[in-house]
$ cat work_33.cif   # mmCIF, C-alpha atoms and all ligand atoms
data_start
loop_
_atom_site.label_atom_id
_atom_site.label_comp_id
_atom_site.auth_asym_id
_atom_site.auth_seq_id
_atom_site.Cartn_x
_atom_site.Cartn_y
_atom_site.Cartn_z
CA MET A 766 21.27 10.68 -25.59
CA TYR A 767 20.48 13.47 -23.14
CA TYR A 768 23.34 15.90 -22.59
CA ILE A 769 24.24 19.13 -20.77
CA ASP A 770 26.16 22.00 -22.40
CA PRO A 771 28.18 23.51 -19.52
CA HIS A 772 29.32 26.64 -21.43
CA ILE A 773 27.15 28.34 -24.03
CA HIS A 774 26.31 32.03 -24.57
CA MET A 775 22.63 31.87 -25.40
CA VAL A 776 22.16 35.67 -25.24
CA SER A 777 23.90 35.60 -28.64
CA ARG A 778 21.71 32.85 -30.08
CA THR A 779 18.24 32.69 -31.54
CA THR A 780 15.17 30.95 -30.22
CA ASP A 781 15.53 28.54 -33.16
CA ASP A 782 18.85 27.45 -31.64
CA TYR A 783 17.08 26.57 -28.37
CA GLU A 784 14.63 24.45 -30.36
CA THR A 785 17.42 22.66 -32.26
CA LEU A 786 19.39 21.98 -29.07
CA ALA A 787 16.28 20.56 -27.37
CA LYS A 788 15.66 18.24 -30.33
CA MET A 789 19.27 17.05 -30.13
CA GLY A 790 18.91 16.03 -26.47
CA CYS A 791 20.14 19.09 -24.58
CA VAL A 792 18.34 19.07 -21.20
CA ALA A 793 20.36 21.73 -19.35
CA MET A 794 22.98 24.37 -20.04
CA SER A 795 25.03 26.92 -18.16
CA GLU A 796 25.84 30.37 -19.46
CA PRO A 797 28.82 32.29 -18.06
CA ALA A 798 28.87 36.08 -18.23
CA PHE A 799 31.23 37.21 -21.02
CA TRP A 800 32.34 40.05 -23.29
CA ALA A 801 29.57 41.55 -25.44
CA GLY A 802 31.91 42.40 -28.35
CA PHE A 803 32.29 45.96 -27.05
CA ASP A 804 33.27 47.42 -23.68
CA ARG A 805 30.29 48.41 -21.54
CA GLY A 806 30.16 51.93 -20.18
CA SER A 807 28.91 51.52 -16.63
CA VAL A 808 27.96 49.14 -13.85
CA GLU A 809 24.30 49.58 -14.86
CA SER A 810 25.00 47.79 -18.16
CA PHE A 811 26.18 44.79 -16.17
CA ARG A 812 23.16 44.93 -13.87
CA ASP A 813 20.89 44.77 -16.93
CA TYR A 814 22.98 41.94 -18.43
CA PHE A 815 22.72 39.94 -15.20
CA ARG A 816 18.94 40.46 -15.27
CA GLN A 817 18.89 39.09 -18.82
CA LEU A 818 20.92 36.05 -17.69
CA THR A 819 18.84 35.33 -14.58
CA GLU A 820 15.35 36.35 -15.74
CA PHE A 821 14.92 36.23 -19.52
CA GLU A 822 17.15 33.38 -20.73
CA PRO A 823 15.81 30.78 -18.24
CA LYS A 824 12.29 31.52 -19.51
CA ARG A 825 13.33 31.29 -23.16
CA ALA A 826 15.08 27.95 -22.48
CA ALA A 827 12.14 26.58 -20.48
CA GLN A 828 9.86 26.90 -23.53
CA PHE A 829 11.85 24.00 -24.98
CA GLY A 830 12.21 22.01 -21.75
CA ILE A 831 15.85 23.11 -21.26
CA GLN A 832 17.04 24.14 -17.78
CA HIS A 833 19.19 27.27 -17.97
CA TYR A 834 21.84 28.16 -15.34
CA THR A 835 24.29 31.03 -15.20
CA TRP A 836 27.57 32.42 -13.81
CA LEU A 837 28.27 36.09 -13.05
CA CYS A 838 31.38 38.28 -13.28
CA ILE A 839 33.09 40.99 -15.30
CA ASN A 840 35.08 39.22 -18.04
CA ALA A 841 38.87 39.38 -18.42
CA LYS A 842 38.75 41.77 -21.37
CA GLU A 843 36.83 44.46 -19.49
CA ALA A 844 38.81 43.72 -16.31
CA GLU A 845 41.45 46.02 -17.77
CA ASN A 846 39.19 48.78 -16.41
CA VAL A 847 39.90 48.19 -12.71
CA ALA A 848 37.56 50.89 -11.35
CA LEU A 849 34.55 49.58 -13.31
CA SER A 850 35.46 45.99 -12.42
CA ARG A 851 35.36 46.82 -8.72
CA GLU A 852 31.93 48.39 -9.08
CA VAL A 853 30.67 45.24 -10.83
CA ILE A 854 32.20 42.93 -8.21
CA ALA A 855 30.50 44.99 -5.47
CA MET A 856 27.14 44.64 -7.27
CA ILE A 857 27.29 40.87 -8.03
CA PRO A 858 26.09 39.75 -4.54
CA GLU A 859 22.65 41.25 -5.35
CA PHE A 860 22.24 38.34 -7.78
CA LEU A 861 23.97 35.42 -6.06
CA ASN A 862 20.84 34.07 -4.38
CA ARG A 863 18.75 34.17 -7.53
CA PRO A 864 17.52 30.79 -8.85
CA GLY A 865 19.89 29.27 -11.40
CA VAL A 866 23.05 31.17 -10.42
CA LEU A 867 25.87 28.61 -10.11
CA GLY A 868 28.79 30.86 -9.18
CA ILE A 869 31.42 33.30 -10.42
CA GLY A 870 32.49 33.10 -14.08
CA GLU A 871 33.83 33.16 -16.65
CA ILE A 872 36.70 34.96 -14.94
CA GLY A 873 40.28 34.54 -16.12
CA LEU A 874 42.89 36.22 -18.26
CA ASN A 875 42.84 37.59 -21.80
CA LYS A 876 46.24 39.19 -22.48
CA ASN A 877 47.75 38.11 -19.14
CA THR A 878 48.13 41.69 -17.85
CA ARG A 879 48.64 42.91 -14.31
CA ASN A 880 45.15 44.49 -14.17
CA GLU A 881 43.52 41.28 -15.35
CA ALA A 882 45.37 39.32 -12.65
CA THR A 883 44.32 41.83 -9.97
CA ILE A 884 40.65 41.55 -10.90
CA PHE A 885 40.92 37.76 -11.23
CA MET A 886 42.10 37.55 -7.62
CA GLU A 887 39.37 39.93 -6.44
CA HIS A 888 36.82 37.62 -8.07
CA LEU A 889 38.40 34.67 -6.21
CA ASP A 890 37.90 36.61 -2.96
CA LEU A 891 34.27 37.20 -3.84
CA ALA A 892 33.74 33.51 -4.61
CA VAL A 893 35.32 32.41 -1.33
CA LYS A 894 33.40 34.99 0.71
CA PHE A 895 30.05 33.86 -0.73
CA ASP A 896 30.93 30.13 -0.99
CA GLN A 897 30.55 30.12 -4.79
CA GLN A 898 31.83 27.75 -7.45
CA ILE A 899 34.18 29.19 -10.08
CA LEU A 900 34.29 28.90 -13.90
CA ILE A 901 37.49 30.08 -15.59
CA HIS A 902 38.25 31.29 -19.13
CA THR A 903 41.81 30.64 -20.32
CA PRO A 904 43.28 32.91 -23.01
CA HIS A 905 43.27 32.30 -26.74
CA LEU A 906 46.01 30.83 -28.94
CA GLU A 907 49.48 32.27 -28.28
CA ASP A 908 48.54 33.53 -24.79
CA LYS A 909 46.97 30.25 -23.63
CA PHE A 910 49.91 28.37 -22.19
CA GLN A 911 51.37 31.23 -20.17
CA GLY A 912 47.90 32.44 -19.12
CA THR A 913 46.86 28.98 -17.95
CA ARG A 914 50.05 28.67 -15.87
CA MET A 915 49.43 32.11 -14.32
CA ILE A 916 45.83 31.15 -13.49
CA LEU A 917 46.84 27.82 -11.94
CA ASP A 918 49.53 29.57 -9.87
CA MET A 919 47.04 32.13 -8.54
CA LEU A 920 44.52 29.38 -7.71
CA CYS A 921 47.09 27.11 -6.06
CA ASP A 922 48.53 29.99 -4.01
CA ASP A 923 45.11 30.50 -2.38
CA SER A 924 44.58 27.74 0.18
CA ARG A 925 40.92 28.74 0.63
CA ILE A 926 40.03 27.48 -2.86
CA ASP A 927 38.33 24.07 -3.04
CA ARG A 928 39.75 22.72 -6.32
CA SER A 929 36.89 20.29 -6.88
CA ARG A 930 34.58 23.31 -7.22
CA VAL A 931 36.62 25.04 -9.96
CA LEU A 932 36.27 24.45 -13.72
CA VAL A 933 39.13 25.64 -15.95
CA ASP A 934 37.74 26.01 -19.46
CA HIS A 935 39.08 26.08 -23.04
CA VAL A 936 41.85 23.55 -22.27
CA GLU A 937 43.78 22.07 -25.18
CA GLU A 938 46.40 19.33 -25.60
CA HIS A 939 49.18 21.46 -24.10
CA THR A 940 47.25 22.66 -21.01
CA VAL A 941 44.80 19.91 -20.00
CA ARG A 942 47.34 17.85 -18.04
CA TYR A 943 48.32 20.70 -15.70
CA VAL A 944 44.68 21.50 -14.92
CA LEU A 945 43.77 17.87 -14.12
CA GLU A 946 46.97 17.17 -12.18
CA GLU A 947 46.24 20.08 -9.82
CA GLY A 948 42.80 18.62 -9.06
CA PHE A 949 40.61 21.04 -11.04
CA TRP A 950 37.89 20.21 -13.55
CA ALA A 951 38.80 20.86 -17.21
CA GLY A 952 36.49 21.97 -20.02
CA MET A 953 37.15 21.48 -23.74
CA THR A 954 35.52 24.04 -26.02
CA LEU A 955 34.55 22.74 -29.45
CA TYR A 956 34.97 25.55 -31.96
CA PRO A 957 35.00 25.33 -35.75
CA ILE A 958 38.17 27.41 -36.26
CA SER A 959 40.09 27.64 -32.97
CA LYS A 960 40.25 25.87 -29.60
CA CYS A 961 39.29 22.14 -29.88
CA THR A 962 37.54 20.16 -32.60
CA PRO A 963 35.31 17.17 -31.70
CA GLN A 964 38.10 14.90 -32.99
CA ARG A 965 40.78 16.51 -30.81
CA ALA A 966 38.43 16.38 -27.79
CA ALA A 967 37.88 12.65 -28.40
CA ASP A 968 41.68 12.19 -28.57
CA ILE A 969 42.06 14.01 -25.22
CA VAL A 970 39.44 11.76 -23.55
CA GLU A 971 41.27 8.71 -24.95
CA ILE A 972 44.61 9.94 -23.57
CA HIS A 973 43.53 11.32 -20.18
CA GLY A 974 40.36 9.32 -19.40
CA PRO A 975 36.95 10.84 -18.65
CA GLU A 976 37.45 11.94 -15.03
CA ARG A 977 36.80 15.67 -14.42
CA LEU A 978 36.59 16.38 -18.17
CA LEU A 979 33.71 18.31 -19.77
CA VAL A 980 32.92 19.34 -23.35
CA ASN A 981 31.04 22.48 -24.37
CA SER A 982 30.15 24.45 -27.49
CA ALA A 983 30.61 27.99 -26.09
CA GLY A 984 28.14 28.98 -28.84
CA ASP A 985 28.46 32.76 -28.91
CA TRP A 986 28.31 35.75 -31.34
CA GLY A 987 31.49 34.73 -33.22
CA PRO A 988 32.12 31.72 -35.48
CA SER A 989 30.86 28.88 -33.27
CA LYS A 990 28.47 25.97 -33.43
CA PRO A 991 25.87 25.54 -30.67
CA THR A 992 25.39 21.87 -31.64
CA ALA A 993 29.09 21.00 -31.19
CA VAL A 994 28.45 18.66 -28.22
CA PRO A 995 26.28 16.32 -30.37
CA ASP A 996 29.17 16.39 -32.91
CA PHE A 997 31.45 15.11 -30.13
CA ILE A 998 28.93 12.37 -29.26
CA LEU A 999 28.92 11.26 -32.92
CA GLU A 1000 32.72 11.26 -33.10
CA MET A 1001 32.95 9.11 -29.94
CA ARG A 1002 30.38 6.67 -31.39
CA ARG A 1003 32.30 6.55 -34.67
CA ARG A 1004 35.30 5.38 -32.65
CA ASN A 1005 33.15 2.66 -31.01
CA HIS A 1006 33.38 4.04 -27.48
CA PRO A 1007 30.67 2.67 -25.17
CA GLU A 1008 27.58 4.81 -24.58
CA SER A 1009 28.38 4.77 -20.84
CA LEU A 1010 31.71 6.56 -21.45
CA ILE A 1011 30.14 9.17 -23.73
CA ARG A 1012 27.31 9.74 -21.29
CA LYS A 1013 29.76 10.23 -18.44
CA VAL A 1014 31.48 13.09 -20.30
CA VAL A 1015 28.42 14.88 -21.69
CA TYR A 1016 25.89 14.27 -18.90
CA GLU A 1017 27.13 12.78 -15.65
CA ASN A 1018 30.30 14.89 -15.32
CA PRO A 1019 28.51 18.24 -15.67
CA LEU A 1020 25.85 17.00 -13.23
CA GLU A 1021 28.51 16.00 -10.70
CA PHE A 1022 30.29 19.34 -11.00
CA PHE A 1023 27.16 21.53 -10.94
CA ARG A 1024 25.54 19.65 -8.05
CA GLN A 1025 28.11 21.23 -5.73
CA SER A 1026 26.35 24.56 -6.24
CA GLN A 1027 23.37 25.70 -4.14
CA GLY A 1028 21.79 27.22 -7.23
CA PHE A 1029 21.68 23.94 -9.19
CA ARG A 1030 18.22 22.43 -8.81
CA PHE A 1031 18.33 19.97 -11.68
CA VAL A 1032 15.26 17.85 -12.28
CA PRO A 1033 16.16 14.76 -14.35
CA ARG A 1034 13.83 13.84 -17.22
CA ASP A 1035 13.04 10.43 -15.73
CA GLN A 1036 14.29 7.97 -13.15
CA GLU A 1037 16.51 6.14 -15.61
CA GLU A 1038 18.43 9.31 -16.47
CA SER A 1039 19.09 10.16 -12.84
CA SER A 1040 20.58 6.79 -11.90
CA PRO A 1041 24.27 6.16 -12.52
CA VAL A 1042 25.25 3.90 -15.39
CA PRO A 1043 26.52 0.53 -14.02
ZN ZN A 1101 32.60 31.81 -22.94
#

$ encode --input "work_33.cif" --output "structure tokens" --more "lines below"
Ligand SMILES: [Zn+2]
Amino acid sequence: MYYIDPHIHMVSRTTDDYETLAKMGCVAMSEPAFWAGFDRGSVESFRDYFRQLTEFEPKRAAQFGIQHYTWLCINAKEAENVALSREVIAMIPEFLNRPGVLGIGEIGLNKNTRNEATIFMEHLDLAVKFDQQILIHTPHLEDKFQGTRMILDMLCDDSRIDRSRVLVDHVEEHTVRYVLEEGFWAGMTLYPISKCTPQRAADIVEIHGPERLLVNSAGDWGPSKPTAVPDFILEMRRRNHPESLIRKVVYENPLEFFRQSQGFRFVPRDQEESSPVP
């Protein structure tokens, strides 16, 4: 089955990973800008990172027939530095018309601080001003519930935001309902030790249905598994779910969400893959 990984940090992965993903059916992926594991010292570091995301990674992916897309921002962790964040936000428009840029992300909260919230809202302004889609990171573990509520409040307070163009990522059992009920898209991140497992993601699809739900691997520099989406496909098959349902979650849903972005120029593998499943 062909699939799309809507959230994966390929700058942290090897070329062998691209090859493995291609062999497993990955035809496209999107890579949000994130924390490098250390705080960057200047706006120039972000300019170079955005060049890596928009120039180098698409070429590396294309060697294996994978289409690579990206999202730009300063992440929630470094947003604690408000002055640097504002410099980065002022620089982002240089890149917004580049091929493969889908929008602003992954913005969000980390420790739910005032500075993080300020920069989150300034990113929302940027997205509205440049008519961009938005991809959102929700906090880890004990900060997730409160952080998700804060994020949803900030989004819902801004009447300019088109909710069908916003993806709220890293949802779990205790947050997914609020995200879907407010009309946003929700992403489940399949991690080996935290966030969701393939089994829990399958449970969530069974409980909430497949509408506006995505699954991703978030494969990054920490403990993570870039092939987690195929693990989800296997788990759904093990439970005897129809191929059409699985395909909706791992292929058609990301296509439907991404197609709202000017930068998404997806070329399906063949005619059969581009037509909706009856
Ligand atoms: Zn991420």

$ residues_around --input "work_33.cif" --residues "segment 818-830 of chain A" --least-positions-apart "3" --cutoff "8 Å" --atoms "all atoms listed in the file" --output "CSV table (one decimal) with C-alpha atoms, in the frame of the given file"
chain,number,residue,atom,x,y,z
A,775,MET,CA,22.6,31.9,-25.4
A,776,VAL,CA,22.2,35.7,-25.2
A,780,THR,CA,15.2,31.0,-30.2
A,783,TYR,CA,17.1,26.6,-28.4
A,784,GLU,CA,14.6,24.4,-30.4
A,787,ALA,CA,16.3,20.6,-27.4
A,792,VAL,CA,18.3,19.1,-21.2
A,796,GLU,CA,25.8,30.4,-19.5
A,798,ALA,CA,28.9,36.1,-18.2
A,814,TYR,CA,23.0,41.9,-18.4
A,815,PHE,CA,22.7,39.9,-15.2
A,833,HIS,CA,19.2,27.3,-18.0
A,834,TYR,CA,21.8,28.2,-15.3
A,835,THR,CA,24.3,31.0,-15.2
A,863,ARG,CA,18.8,34.2,-7.5
A,864,PRO,CA,17.5,30.8,-8.8
A,865,GLY,CA,19.9,29.3,-11.4
A,866,VAL,CA,23.0,31.2,-10.4

$ residues_around --input "work_33.cif" --residues "Leu999 of chain A" --least-positions-apart "6" --cutoff "12 Å" --atoms "all atoms listed in the file" --output "PyMOL selection string"
chain A and resi 766+789+963-964+966-967+992-993+1005-1008+1011-1012+1015

$ residues_around --input "work_33.cif" --residues "segment 902-914 of chain A" --least-positions-apart "4" --cutoff "8 Å" --atoms "only C-alpha atoms" --output "VMD selection string"
chain A and resid 870 to 877 918 933 to 936 939 to 940 959 to 960

$ residues_near_point --input "work_33.cif" --point "(39.6, 11.4, -23.7)" --cutoff "12 Å" --atoms "all atoms listed in the file" --output "compact mmCIF listing (two decimals) with C-alpha atoms, keeping the file's coordinate frame"
# COMPACT_ATOMS: atom_id res chain seq x y z
CA GLU A 937 43.78 22.07 -25.18
CA GLU A 938 46.40 19.33 -25.60
CA VAL A 941 44.80 19.91 -20.00
CA ARG A 942 47.34 17.85 -18.04
CA ALA A 951 38.80 20.86 -17.21
CA GLY A 952 36.49 21.97 -20.02
CA MET A 953 37.15 21.48 -23.74
CA PRO A 963 35.31 17.17 -31.70
CA GLN A 964 38.10 14.90 -32.99
CA ARG A 965 40.78 16.51 -30.81
CA ALA A 966 38.43 16.38 -27.79
CA ALA A 967 37.88 12.65 -28.40
CA ASP A 968 41.68 12.19 -28.57
CA ILE A 969 42.06 14.01 -25.22
CA VAL A 970 39.44 11.76 -23.55
CA GLU A 971 41.27 8.71 -24.95
CA ILE A 972 44.61 9.94 -23.57
CA HIS A 973 43.53 11.32 -20.18
CA GLY A 974 40.36 9.32 -19.40
CA PRO A 975 36.95 10.84 -18.65
CA GLU A 976 37.45 11.94 -15.03
CA ARG A 977 36.80 15.67 -14.42
CA LEU A 978 36.59 16.38 -18.17
CA LEU A 979 33.71 18.31 -19.77
CA VAL A 980 32.92 19.34 -23.35
CA PHE A 997 31.45 15.11 -30.13
CA GLU A 1000 32.72 11.26 -33.10
CA MET A 1001 32.95 9.11 -29.94
CA ARG A 1004 35.30 5.38 -32.65
CA HIS A 1006 33.38 4.04 -27.48
CA LEU A 1010 31.71 6.56 -21.45
CA ILE A 1011 30.14 9.17 -23.73
CA LYS A 1013 29.76 10.23 -18.44
CA VAL A 1014 31.48 13.09 -20.30
CA VAL A 1015 28.42 14.88 -21.69

$ closest_atom_pairs --input "work_33.cif" --of "chain A" --to "ligand ZN 1101 (chain A)" --cutoff "7 Å" --atoms "only C-alpha atoms and all ligand atoms" --output "tab-separated table"
residue	atom	partner	partner_atom	distance
A:His772	CA	A:ZN1101	ZN	6.3
A:Ile773	CA	A:ZN1101	ZN	6.6
A:His774	CA	A:ZN1101	ZN	6.5
A:Pro797	CA	A:ZN1101	ZN	6.2
A:Phe799	CA	A:ZN1101	ZN	5.9
A:Glu871	CA	A:ZN1101	ZN	6.5
A:His902	CA	A:ZN1101	ZN	6.8
A:Ala983	CA	A:ZN1101	ZN	5.3

$ atom_distance --input "work_33.cif" --atom1 "atom CA of Pro991 of chain A" --atom2 "atom CA of Gln898 of chain A"
24.1 Å

$ atom_distance --input "work_33.cif" --atom1 "atom CA of Gly806 of chain A" --atom2 "atom CA of Ile839 of chain A"
12.3 Å

$ closest_residue --input "work_33.cif" --among "A:Val994, A:Val808, A:Ile769, A:Val853" --to "Ser795 of chain A" --atoms "all atoms listed in the file"
A:Ile769

$ atom_distance --input "work_33.cif" --atom1 "atom CA of Ile901 of chain A" --atom2 "atom CA of Leu932 of chain A"
6.1 Å

$ closest_residue --input "work_33.cif" --among "A:Met794, A:Asp782, A:Arg930, A:Phe885" --to "Tyr1016 of chain A" --atoms "all atoms listed in the file"
A:Met794

$ closest_residue --input "work_33.cif" --among "A:Phe860, A:Tyr956, A:Trp800, A:Phe895" --to "Asn840 of chain A" --atoms "all atoms listed in the file"
A:Trp800

$ axis_aligned_box --input "work_33.cif" --around "segment 956-962 of chain A" --padding-each-side "4 Å" --output "AutoDock Vina command-line options"
--center_x 37.6 --center_y 23.9 --center_z -32.9 --size_x 13.3 --size_y 15.5 --size_z 14.7

$ residues_near_point --input "work_33.cif" --point "(38.5, 18.6, -9.1)" --cutoff "7 Å" --atoms "all atoms listed in the file" --output "PyMOL selection string"
chain A and resi 928-931+948-950+977

$ closest_residue --input "work_33.cif" --among "A:Val847, A:Gln832, A:Leu867, A:Ala801" --to "Phe1023 of chain A" --atoms "all atoms listed in the file"
A:Leu867

$ closest_residue --input "work_33.cif" --among "A:Asp781, A:Asp923, A:Asp996, A:Glu852" --to "Leu889 of chain A" --atoms "only C-alpha atoms"
A:Asp923

$ closest_residue --input "work_33.cif" --among "A:Ser777, A:Asn981, A:Thr883, A:Gln897" --to "Pro1019 of chain A" --atoms "all atoms listed in the file"
A:Asn981
